[in-house]
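Asker: Got run18.cif for you, mmCIF, C-alpha atoms and all ligand atoms; chains and numbers go by the auth columns:
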```
data_structure
#
loop_
_atom_site.group_PDB
_atom_site.id
_atom_site.type_symbol
_atom_site.label_atom_id
_atom_site.label_comp_id
_atom_site.label_asym_id
_atom_site.label_seq_id
_atom_site.Cartn_x
_atom_site.Cartn_y
_atom_site.Cartn_z
_atom_site.B_iso_or_equiv
_atom_site.auth_seq_id
_atom_site.auth_asym_id
ATOM 1 C CA ARG A 1 189.241 224.326 97.516 0.00 805 M
ATOM 2 C CA SER A 2 191.064 221.914 99.807 0.00 806 M
ATOM 3 C CA ASN A 3 188.248 221.028 102.200 0.00 807 M
ATOM 4 C CA PHE A 4 185.802 218.162 101.620 0.00 808 M
ATOM 5 C CA ILE A 5 182.072 218.946 101.477 0.00 809 M
ATOM 6 C CA ILE A 6 179.319 216.356 101.887 0.00 810 M
ATOM 7 C CA ALA A 7 175.737 217.407 101.087 0.00 811 M
ATOM 8 C CA ILE A 8 172.805 215.322 102.334 0.00 812 M
ATOM 9 C CA ASP A 9 169.353 216.294 101.075 0.00 813 M
ATOM 10 C CA GLY A 10 165.950 214.699 101.039 0.00 814 M
ATOM 11 C CA PHE A 11 162.360 214.706 102.219 0.00 815 M
ATOM 12 C CA SER A 12 161.263 215.482 105.776 0.00 816 M
ATOM 13 C CA SER A 13 161.978 212.864 108.426 0.00 817 M
ATOM 14 C CA CYS A 14 164.108 210.573 106.282 0.00 818 M
ATOM 15 C CA GLY A 15 166.774 210.444 108.942 0.00 819 M
ATOM 16 C CA LYS A 16 169.139 212.849 107.184 0.00 820 M
ATOM 17 C CA SER A 17 170.443 214.422 110.363 0.00 821 M
ATOM 18 C CA THR A 18 171.013 211.065 112.019 0.00 822 M
ATOM 19 C CA VAL A 19 173.176 209.854 109.129 0.00 823 M
ATOM 20 C CA ALA A 20 174.886 213.224 108.734 0.00 824 M
ATOM 21 C CA LYS A 21 175.754 213.386 112.421 0.00 825 M
ATOM 22 C CA ALA A 22 177.107 209.830 112.530 0.00 826 M
ATOM 23 C CA LEU A 23 179.137 210.429 109.380 0.00 827 M
ATOM 24 C CA ALA A 24 180.603 213.686 110.701 0.00 828 M
ATOM 25 C CA LYS A 25 181.575 211.950 113.917 0.00 829 M
ATOM 26 C CA LYS A 26 183.208 209.069 112.074 0.00 830 M
ATOM 27 C CA LEU A 27 185.183 211.318 109.682 0.00 831 M
ATOM 28 C CA ASN A 28 185.805 214.046 112.250 0.00 832 M
ATOM 29 C CA PHE A 29 184.013 216.602 110.068 0.00 833 M
ATOM 30 C CA VAL A 30 181.834 219.476 111.262 0.00 834 M
ATOM 31 C CA PHE A 31 178.117 218.689 111.095 0.00 835 M
ATOM 32 C CA VAL A 32 175.629 221.424 110.219 0.00 836 M
ATOM 33 C CA ASP A 33 171.869 220.881 110.353 0.00 837 M
ATOM 34 C CA SER A 34 170.628 223.571 107.959 0.00 838 M
ATOM 35 C CA GLY A 35 166.996 222.800 108.831 0.00 839 M
ATOM 36 C CA ALA A 36 167.729 223.882 112.410 0.00 840 M
ATOM 37 C CA MET A 37 168.657 227.321 111.050 0.00 841 M
ATOM 38 C CA TYR A 38 165.308 227.678 109.244 0.00 842 M
ATOM 39 C CA ARG A 39 163.581 226.476 112.405 0.00 843 M
ATOM 40 C CA ALA A 40 165.377 229.105 114.506 0.00 844 M
ATOM 41 C CA VAL A 41 164.321 231.837 112.071 0.00 845 M
ATOM 42 C CA THR A 42 160.749 230.522 112.282 0.00 846 M
ATOM 43 C CA LEU A 43 160.849 230.653 116.072 0.00 847 M
ATOM 44 C CA PHE A 44 161.977 234.279 115.938 0.00 848 M
ATOM 45 C CA PHE A 45 159.258 235.173 113.413 0.00 849 M
ATOM 46 C CA LEU A 46 156.569 233.525 115.556 0.00 850 M
ATOM 47 C CA ARG A 47 157.714 235.196 118.746 0.00 851 M
ATOM 48 C CA HIS A 48 157.707 238.596 117.066 0.00 852 M
ATOM 49 C CA SER A 49 154.544 237.983 115.045 0.00 853 M
ATOM 50 C CA ILE A 50 156.277 238.849 111.796 0.00 854 M
ATOM 51 C CA ASN A 51 153.901 239.156 108.857 0.00 855 M
ATOM 52 C CA LEU A 52 155.410 236.899 106.202 0.00 856 M
ATOM 53 C CA ARG A 53 153.913 238.945 103.398 0.00 857 M
ATOM 54 C CA ASP A 54 155.516 242.166 104.597 0.00 858 M
ATOM 55 C CA GLN A 55 158.916 242.191 102.950 0.00 859 M
ATOM 56 C CA GLU A 56 160.225 245.040 105.049 0.00 860 M
ATOM 57 C CA SER A 57 159.352 243.388 108.374 0.00 861 M
ATOM 58 C CA VAL A 58 160.913 240.158 107.143 0.00 862 M
ATOM 59 C CA SER A 59 164.130 241.935 106.136 0.00 863 M
ATOM 60 C CA ASP A 60 164.263 243.867 109.426 0.00 864 M
ATOM 61 C CA ALA A 61 163.713 240.695 111.414 0.00 865 M
ATOM 62 C CA LEU A 62 166.464 238.887 109.531 0.00 866 M
ATOM 63 C CA LYS A 63 168.911 241.636 110.464 0.00 867 M
ATOM 64 C CA GLN A 64 168.176 240.999 114.137 0.00 868 M
ATOM 65 C CA ILE A 65 168.780 237.271 113.944 0.00 869 M
ATOM 66 C CA HIS A 66 172.094 235.746 114.841 0.00 870 M
ATOM 67 C CA ILE A 67 172.466 231.978 114.747 0.00 871 M
ATOM 68 C CA ASP A 68 175.330 229.974 116.276 0.00 872 M
ATOM 69 C CA PHE A 69 176.082 226.296 116.461 0.00 873 M
ATOM 70 C CA ILE A 70 178.118 224.450 119.007 0.00 874 M
ATOM 71 C CA PRO A 71 178.972 221.492 116.820 0.00 875 M
ATOM 72 C CA ASN A 72 180.463 218.101 117.441 0.00 876 M
ATOM 73 C CA THR A 73 179.046 217.590 120.889 0.00 877 M
ATOM 74 C CA GLU A 74 176.739 214.601 121.313 0.00 878 M
ATOM 75 C CA GLN A 75 173.705 216.844 120.886 0.00 879 M
ATOM 76 C CA THR A 76 174.552 219.733 118.565 0.00 880 M
ATOM 77 C CA GLN A 77 173.272 222.899 120.183 0.00 881 M
ATOM 78 C CA ILE A 78 171.822 225.803 118.277 0.00 882 M
ATOM 79 C CA PHE A 79 171.651 229.323 119.633 0.00 883 M
ATOM 80 C CA LEU A 80 169.316 232.097 118.523 0.00 884 M
ATOM 81 C CA ASN A 81 170.761 235.421 119.671 0.00 885 M
ATOM 82 C CA ASP A 82 172.690 233.614 122.438 0.00 886 M
ATOM 83 C CA GLU A 83 169.675 231.651 123.680 0.00 887 M
ATOM 84 C CA ASP A 84 169.850 227.862 123.431 0.00 888 M
ATOM 85 C CA VAL A 85 166.778 226.964 121.342 0.00 889 M
ATOM 86 C CA SER A 86 167.813 223.386 120.464 0.00 890 M
ATOM 87 C CA LEU A 87 164.720 221.838 122.027 0.00 891 M
ATOM 88 C CA GLU A 88 162.177 224.495 121.254 0.00 892 M
ATOM 89 C CA ILE A 89 162.781 224.458 117.503 0.00 893 M
ATOM 90 C CA ARG A 90 161.772 220.755 117.322 0.00 894 M
ATOM 91 C CA ARG A 91 158.238 221.440 118.505 0.00 895 M
ATOM 92 C CA MET A 92 155.251 220.835 116.273 0.00 896 M
ATOM 93 C CA GLU A 93 154.307 224.507 116.325 0.00 897 M
ATOM 94 C CA ILE A 94 157.569 225.264 114.532 0.00 898 M
ATOM 95 C CA SER A 95 157.217 222.320 112.117 0.00 899 M
ATOM 96 C CA ASN A 96 153.781 223.592 111.139 0.00 900 M
ATOM 97 C CA TYR A 97 155.133 226.960 110.093 0.00 901 M
ATOM 98 C CA VAL A 98 158.726 226.412 108.987 0.00 902 M
ATOM 99 C CA SER A 99 158.069 225.612 105.321 0.00 903 M
ATOM 100 C CA GLU A 100 156.159 228.866 104.822 0.00 904 M
ATOM 101 C CA VAL A 101 159.068 230.798 106.324 0.00 905 M
ATOM 102 C CA SER A 102 161.646 228.835 104.341 0.00 906 M
ATOM 103 C CA ALA A 103 159.931 229.624 101.051 0.00 907 M
ATOM 104 C CA ILE A 104 160.638 233.364 101.447 0.00 908 M
ATOM 105 C CA LYS A 105 163.404 234.554 99.157 0.00 909 M
ATOM 106 C CA GLU A 106 165.028 236.940 101.683 0.00 910 M
ATOM 107 C CA VAL A 107 165.149 234.178 104.288 0.00 911 M
ATOM 108 C CA ARG A 108 166.880 231.810 101.877 0.00 912 M
ATOM 109 C CA ILE A 109 169.413 234.399 100.748 0.00 913 M
ATOM 110 C CA ALA A 110 170.399 235.082 104.362 0.00 914 M
ATOM 111 C CA MET A 111 170.617 231.416 105.379 0.00 915 M
ATOM 112 C CA VAL A 112 172.421 230.213 102.257 0.00 916 M
ATOM 113 C CA ALA A 113 175.086 232.904 102.744 0.00 917 M
ATOM 114 C CA GLN A 114 175.682 231.735 106.330 0.00 918 M
ATOM 115 C CA GLN A 115 175.785 228.102 105.268 0.00 919 M
ATOM 116 C CA GLN A 116 178.306 228.788 102.533 0.00 920 M
ATOM 117 C CA LYS A 117 180.488 230.628 105.020 0.00 921 M
ATOM 118 C CA LEU A 118 180.427 227.628 107.357 0.00 922 M
ATOM 119 C CA GLY A 119 181.699 225.449 104.523 0.00 923 M
ATOM 120 C CA GLN A 120 184.482 227.751 103.398 0.00 924 M
ATOM 121 C CA LYS A 121 187.466 226.192 105.058 0.00 925 M
ATOM 122 C CA ARG A 122 186.274 223.214 107.039 0.00 926 M
ATOM 123 C CA ASN A 123 185.511 219.640 106.150 0.00 927 M
ATOM 124 C CA ILE A 124 181.780 219.599 106.566 0.00 928 M
ATOM 125 C CA VAL A 125 178.654 217.440 106.403 0.00 929 M
ATOM 126 C CA MET A 126 175.541 219.549 105.897 0.00 930 M
ATOM 127 C CA ASP A 127 172.002 218.228 105.636 0.00 931 M
ATOM 128 C CA GLY A 128 168.916 219.976 104.292 0.00 932 M
ATOM 129 C CA ARG A 129 166.853 220.364 101.138 0.00 933 M
ATOM 130 C CA ASP A 130 168.980 222.400 98.733 0.00 934 M
ATOM 131 C CA ILE A 131 172.534 221.752 99.903 0.00 935 M
ATOM 132 C CA GLY A 132 173.644 219.805 96.820 0.00 936 M
ATOM 133 C CA THR A 133 171.729 222.040 94.396 0.00 937 M
ATOM 134 C CA THR A 134 172.130 225.584 95.734 0.00 938 M
ATOM 135 C CA VAL A 135 174.357 225.882 98.803 0.00 939 M
ATOM 136 C CA PHE A 136 177.219 223.673 97.588 0.00 940 M
ATOM 137 C CA PRO A 137 176.600 222.764 93.940 0.00 941 M
ATOM 138 C CA ASP A 138 180.252 221.660 93.804 0.00 942 M
ATOM 139 C CA ALA A 139 180.055 219.409 96.898 0.00 943 M
ATOM 140 C CA ASP A 140 182.430 216.449 96.767 0.00 944 M
ATOM 141 C CA LEU A 141 179.741 213.954 97.720 0.00 945 M
ATOM 142 C CA LYS A 142 175.978 214.393 97.406 0.00 946 M
ATOM 143 C CA ILE A 143 173.459 212.016 98.930 0.00 947 M
ATOM 144 C CA PHE A 144 169.717 212.209 98.344 0.00 948 M
ATOM 145 C CA MET A 145 167.730 210.358 101.006 0.00 949 M
ATOM 146 C CA THR A 146 164.272 208.902 100.717 0.00 950 M
ATOM 147 C CA ALA A 147 162.165 206.486 102.743 0.00 951 M
ATOM 148 C CA ASN A 148 158.574 205.386 102.396 0.00 952 M
ATOM 149 C CA SER A 149 156.080 207.724 104.008 0.00 953 M
ATOM 150 C CA GLU A 150 154.797 205.221 106.604 0.00 954 M
ATOM 151 C CA VAL A 151 158.301 204.643 107.925 0.00 955 M
ATOM 152 C CA ARG A 152 158.982 208.368 108.037 0.00 956 M
ATOM 153 C CA ALA A 153 155.765 209.193 109.893 0.00 957 M
ATOM 154 C CA GLU A 154 156.352 206.424 112.432 0.00 958 M
ATOM 155 C CA ARG A 155 159.890 207.610 113.120 0.00 959 M
ATOM 156 C CA ARG A 156 158.837 211.216 113.576 0.00 960 M
ATOM 157 C CA TYR A 157 155.882 210.251 115.772 0.00 961 M
ATOM 158 C CA ALA A 158 158.148 208.172 118.024 0.00 962 M
ATOM 159 C CA GLU A 159 160.655 211.029 118.243 0.00 963 M
ATOM 160 C CA LEU A 160 158.064 213.637 119.208 0.00 964 M
ATOM 161 C CA THR A 161 156.172 211.529 121.732 0.00 965 M
ATOM 162 C CA ALA A 162 159.457 210.490 123.359 0.00 966 M
ATOM 163 C CA LYS A 163 160.019 214.189 124.021 0.00 967 M
ATOM 164 C CA GLY A 164 156.606 214.466 125.659 0.00 968 M
ATOM 165 C CA GLU A 165 154.908 216.265 122.788 0.00 969 M
ATOM 166 C CA GLU A 166 151.205 215.455 122.503 0.00 970 M
ATOM 167 C CA VAL A 167 150.626 214.712 118.845 0.00 971 M
ATOM 168 C CA THR A 168 148.610 212.195 116.899 0.00 972 M
ATOM 169 C CA MET A 169 149.896 210.063 114.051 0.00 973 M
ATOM 170 C CA GLU A 170 147.481 211.894 111.751 0.00 974 M
ATOM 171 C CA GLU A 171 148.959 215.279 112.649 0.00 975 M
ATOM 172 C CA VAL A 172 152.480 214.018 112.036 0.00 976 M
ATOM 173 C CA LYS A 173 151.551 212.564 108.644 0.00 977 M
ATOM 174 C CA ALA A 174 149.730 215.722 107.608 0.00 978 M
ATOM 175 C CA ASN A 175 152.715 217.858 108.619 0.00 979 M
ATOM 176 C CA LEU A 176 155.201 215.758 106.642 0.00 980 M
ATOM 177 C CA GLU A 177 153.022 215.861 103.528 0.00 981 M
ATOM 178 C CA HIS A 178 152.481 219.587 103.930 0.00 982 M
ATOM 179 C CA ARG A 179 156.185 220.353 104.272 0.00 983 M
ATOM 180 C CA ASP A 180 157.239 218.074 101.417 0.00 984 M
ATOM 181 C CA ARG A 181 154.692 219.692 99.141 0.00 985 M
ATOM 182 C CA ILE A 182 155.717 223.269 99.932 0.00 986 M
ATOM 183 C CA ASP A 183 159.445 222.439 99.991 0.00 987 M
ATOM 184 C CA SER A 184 159.280 220.734 96.581 0.00 988 M
ATOM 185 C CA THR A 185 157.112 223.311 94.817 0.00 989 M
ATOM 186 C CA ARG A 186 158.458 226.636 96.072 0.00 990 M
ATOM 187 C CA ALA A 187 160.065 229.002 93.544 0.00 991 M
ATOM 188 C CA GLU A 188 163.315 229.517 95.478 0.00 992 M
ATOM 189 C CA SER A 189 165.656 226.511 95.486 0.00 993 M
ATOM 190 C CA PRO A 190 162.999 223.815 95.790 0.00 994 M
ATOM 191 C CA LEU A 191 163.802 220.402 97.183 0.00 995 M
ATOM 192 C CA ARG A 192 165.039 218.237 94.339 0.00 996 M
ATOM 193 C CA GLN A 193 167.680 215.659 93.747 0.00 997 M
ATOM 194 C CA ALA A 194 170.902 217.049 92.255 0.00 998 M
ATOM 195 C CA ASP A 195 171.822 215.317 88.997 0.00 999 M
ATOM 196 C CA ASP A 196 175.026 214.004 90.519 0.00 1000 M
ATOM 197 C CA ALA A 197 173.515 212.892 93.853 0.00 1001 M
ATOM 198 C CA ILE A 198 173.453 209.275 94.955 0.00 1002 M
ATOM 199 C CA ILE A 199 170.128 207.964 96.230 0.00 1003 M
ATOM 200 C CA LEU A 200 169.914 206.366 99.632 0.00 1004 M
ATOM 201 C CA ASP A 201 166.526 204.799 100.324 0.00 1005 M
ATOM 202 C CA ASN A 202 166.645 203.825 103.968 0.00 1006 M
ATOM 203 C CA SER A 203 163.155 202.369 104.388 0.00 1007 M
ATOM 204 C CA ASP A 204 164.690 198.990 105.213 0.00 1008 M
ATOM 205 C CA LEU A 205 168.150 199.937 106.447 0.00 1009 M
ATOM 206 C CA ASN A 206 169.305 200.355 110.023 0.00 1010 M
ATOM 207 C CA GLN A 207 171.618 203.178 111.068 0.00 1011 M
ATOM 208 C CA GLU A 208 174.778 201.083 110.785 0.00 1012 M
ATOM 209 C CA GLN A 209 173.917 200.063 107.221 0.00 1013 M
ATOM 210 C CA GLN A 210 173.206 203.649 106.239 0.00 1014 M
ATOM 211 C CA LEU A 211 176.486 204.835 107.707 0.00 1015 M
ATOM 212 C CA ALA A 212 178.390 202.046 105.931 0.00 1016 M
ATOM 213 C CA PHE A 213 176.784 203.083 102.638 0.00 1017 M
ATOM 214 C CA VAL A 214 177.808 206.732 102.893 0.00 1018 M
ATOM 215 C CA VAL A 215 181.287 205.957 104.210 0.00 1019 M
ATOM 216 C CA GLU A 216 181.848 203.710 101.198 0.00 1020 M
ATOM 217 C CA GLU A 217 180.838 206.539 98.859 0.00 1021 M
ATOM 218 C CA TYR A 218 183.139 208.906 100.717 0.00 1022 M
ATOM 219 C CA VAL A 219 186.106 206.543 100.432 0.00 1023 M
ATOM 220 C CA LYS A 220 185.569 206.298 96.657 0.00 1024 M
ATOM 221 C CA ARG A 221 185.908 210.071 96.345 0.00 1025 M
ATOM 222 C CA LYS A 222 188.435 211.216 98.867 0.00 1026 M
HETATM 223 O O1 LIG B . 165.465 219.381 108.248 0.00 1101 M
HETATM 224 P P1 LIG B . 164.206 219.831 108.929 0.00 1101 M
HETATM 225 O O2 LIG B . 163.057 218.900 108.709 0.00 1101 M
HETATM 226 O O3 LIG B . 164.407 220.179 110.368 0.00 1101 M
HETATM 227 O O4 LIG B . 163.857 221.196 108.178 0.00 1101 M
HETATM 228 C C1 LIG B . 162.725 221.955 108.528 0.00 1101 M
HETATM 229 C C2 LIG B . 162.257 222.751 107.330 0.00 1101 M
HETATM 230 O O5 LIG B . 163.233 223.730 106.979 0.00 1101 M
HETATM 231 C C3 LIG B . 161.997 221.987 106.036 0.00 1101 M
HETATM 232 O O6 LIG B . 160.699 221.410 106.009 0.00 1101 M
HETATM 233 C C4 LIG B . 162.153 223.080 104.987 0.00 1101 M
HETATM 234 O O7 LIG B . 160.972 223.836 104.862 0.00 1101 M
HETATM 235 C C5 LIG B . 163.217 223.970 105.590 0.00 1101 M
HETATM 236 N N1 LIG B . 164.554 223.725 105.032 0.00 1101 M
HETATM 237 C C6 LIG B . 164.868 224.315 103.820 0.00 1101 M
HETATM 238 N N2 LIG B . 166.124 224.191 103.304 0.00 1101 M
HETATM 239 C C7 LIG B . 167.064 223.492 103.947 0.00 1101 M
HETATM 240 C C8 LIG B . 166.760 222.858 105.169 0.00 1101 M
HETATM 241 C C9 LIG B . 165.483 222.975 105.685 0.00 1101 M
HETATM 242 O O8 LIG B . 164.013 224.963 103.217 0.00 1101 M
HETATM 243 N N3 LIG B . 168.296 223.427 103.434 0.00 1101 M
#
```
What would you get if you wrote out this structure as structure tokens?

Answerer:
Amino acid sequence: RSNFIIAIDGFSSCGKSTVAKALAKKLNFVFVDSGAMYRAVTLFFLRHSINLRDQESVSDALKQIHIDFIPNTEQTQIFLNDEDVSLEIRRMEISNYVSEVSAIKEVRIAMVAQQQKLGQKRNIVMDGRDIGTTVFPDADLKIFMTANSEVRAERRYAELTAKGEEVTMEEVKANLEHRDRIDSTRAESPLRQADDAIILDNSDLNQEQQLAFVVEEYVKRK
């Protein structure tokens, strides 16, 4: 393999995408937000009232889903069957349901295959939960991000309210705890730190400091 793969994993709302995006921009790599793919699938399932326990409906639905990214613009856009769903997938309704959808084996098989394809030839930064463990176990650089839960909840609350979403701090906290619990305990590729991942705790770091940290790790390995 001649391309360089950077995997960024971690808990919900640790700022993975922010770091991943800044890093991709700096290195001129493609950035892929794998969580956005699971969110798009969730949106489709909700719209079509797919019963998550019905394997056949899930498999049929997955066949009808086509996801595209327009990367490397300021705001990466994500398309679900040619519809721009970039904003809709960030809503709380999706966040409340996405971990249940992401725990389904068929969903993971379909998404992981697409993610691996995206990383075949390009230099790529991908963020998610299982990128360093399952999607790209041979990634050239693996970062595992954490931050204390107060900081994470405050950041997510600020992000959602800035977009006009009416949520309370309690709802945001409950959602983060809920997702982390399901994501870490599911049978299929649970969220965990890869043995060879480097930890980045950004509770007390600003964006510049986080970027400097990951760039330094990249330079050591390139
Ligand atoms: O990254 P983000 O918080 O948008 O991801 C939303 C959800 O998608 C996560 O809570 C998790 O359930 C799921 N996800 C996953 N595997 C990934 C990325 C996201 O299961 N690689």

Asker: Report as a ChimeraX atom specification which protein, DNA and RNA residues come within 7 Å of ligand LIG 1101 (chain M), using only C-alpha atoms and all ligand atoms.

Answerer: /M:816-817,837-840,842-843,899,902-904,906-907,931-935,983-984,987

Asker: Could you tell me which residues the PyMOL selection byres (((chain M and resi 823-834) around 12) and not hetatm) returns for this structure, as a PyMOL selection string?

Answerer: chain M and resi 807-814+817-822+835-838+873-880+922-932+946-949+1004+1006+1009-1023+1026

Asker: Pick the closest to Arg990 of chain M from M:Ile908, M:Ile882, M:Leu856, M:Val955: which is it, counting only C-alpha atoms?

Answerer: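 Among M:Ile908, M:Ile882, M:Leu856, M:Val955, it is M:Ile908 that comes nearest to Arg990 of chain M.
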
Asker: Excluding Ile869 of chain M and residues on its chain fewer than 6 positions from it, collect all residues at most 8 Å away from it, counting all atoms listed in the file, and give them as a short mmCIF file (atom, residue, chain, number, x, y, z; two decimals) with C-alpha atoms, in the coordinates of the input.

Answerer:
```
data_model
loop_
_atom_site.label_atom_id
_atom_site.label_comp_id
_atom_site.auth_asym_id
_atom_site.auth_seq_id
_atom_site.Cartn_x
_atom_site.Cartn_y
_atom_site.Cartn_z
CA VAL M 845 164.32 231.84 112.07
CA PHE M 848 161.98 234.28 115.94
CA LEU M 884 169.32 232.10 118.52
CA ASN M 885 170.76 235.42 119.67
#
```

Asker: Using only C-alpha atoms for the distances, tell me which of M:Gln918, M:Thr972, M:Gln997, M:Ser1007 is nearest to Asn952 of chain M.

Answerer: M:Ser1007

Asker: With only C-alpha atoms counted, which protein, DNA or RNA residues have an atom no more than 9 Å from (179.0, 212.5, 93.0) in the file frame? Please answer as a list in words.

Answerer: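 In the file's frame, the residues around the point are Ala943, Asp944, Leu945, Lys946, Ile947, Asp999, Asp1000, Ala1001, Ile1002, Glu1021 and Arg1025 of chain M.
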
Asker: Report the distance between atom CA of Glu992 of chain M and atom CA of Ser863 of chain M in Å, rounded to one decimal place.

Answerer: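 Pair atom CA of Glu992 of chain M / atom CA of Ser863 of chain M returns 16.4 Å.
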
Asker: Counting all atoms listed in the file, what is within 12 Å of Glu963 of chain M, bar same-chain residues fewer than 3 positions away, as a PyMOL selection string?

Answerer: chain M and resi 817+819+894-896+956-960+966-971+973+976

Asker: May I ask for the distance between atom CA of Leu850 of chain M and atom CA of Leu866 of chain M, given in Å to one decimal place?

Answerer: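 Atom CA of Leu850 of chain M sits 12.8 Å away from atom CA of Leu866 of chain M.
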
Asker: Apply the PyMOL selection byres (((chain M and resi 937) around 8) and not hetatm) to the structure shown and report the selected residues as a CSV table (one decimal) with C-alpha atoms, in the coordinates of the input.

Answerer:
```
chain,number,residue,atom,x,y,z
M,934,ASP,CA,169.0,222.4,98.7
M,935,ILE,CA,172.5,221.8,99.9
M,936,GLY,CA,173.6,219.8,96.8
M,938,THR,CA,172.1,225.6,95.7
M,939,VAL,CA,174.4,225.9,98.8
M,940,PHE,CA,177.2,223.7,97.6
M,941,PRO,CA,176.6,222.8,93.9
M,993,SER,CA,165.7,226.5,95.5
M,996,ARG,CA,165.0,218.2,94.3
M,997,GLN,CA,167.7,215.7,93.7
M,998,ALA,CA,170.9,217.0,92.3
```

Asker: Please provide the set of residues having any atom within 8 Å of Val862 of chain M, restricted to only C-alpha atoms, with same-chain residues fewer than 5 positions apart removed, written as a CSV table (one decimal) with C-alpha atoms, in the frame of the given file.

Answerer:
```
chain,number,residue,atom,x,y,z
M,854,ILE,CA,156.3,238.8,111.8
M,855,ASN,CA,153.9,239.2,108.9
M,856,LEU,CA,155.4,236.9,106.2
M,910,GLU,CA,165.0,236.9,101.7
M,911,VAL,CA,165.1,234.2,104.3
```

Asker: Find the distance between atom CA of Arg985 of chain M and atom CA of Asp864 of chain M and write it in Å to one decimal.

Answerer: 28.0 Å

Asker: Considering all atoms listed in the file, state which residue in the set M:Val905, M:Val916, M:Met841, M:Ala865 is at the smallest distance from Ile893 of chain M.

Answerer: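 Answer, going by the shortest atom-to-atom distance: M:Met841.
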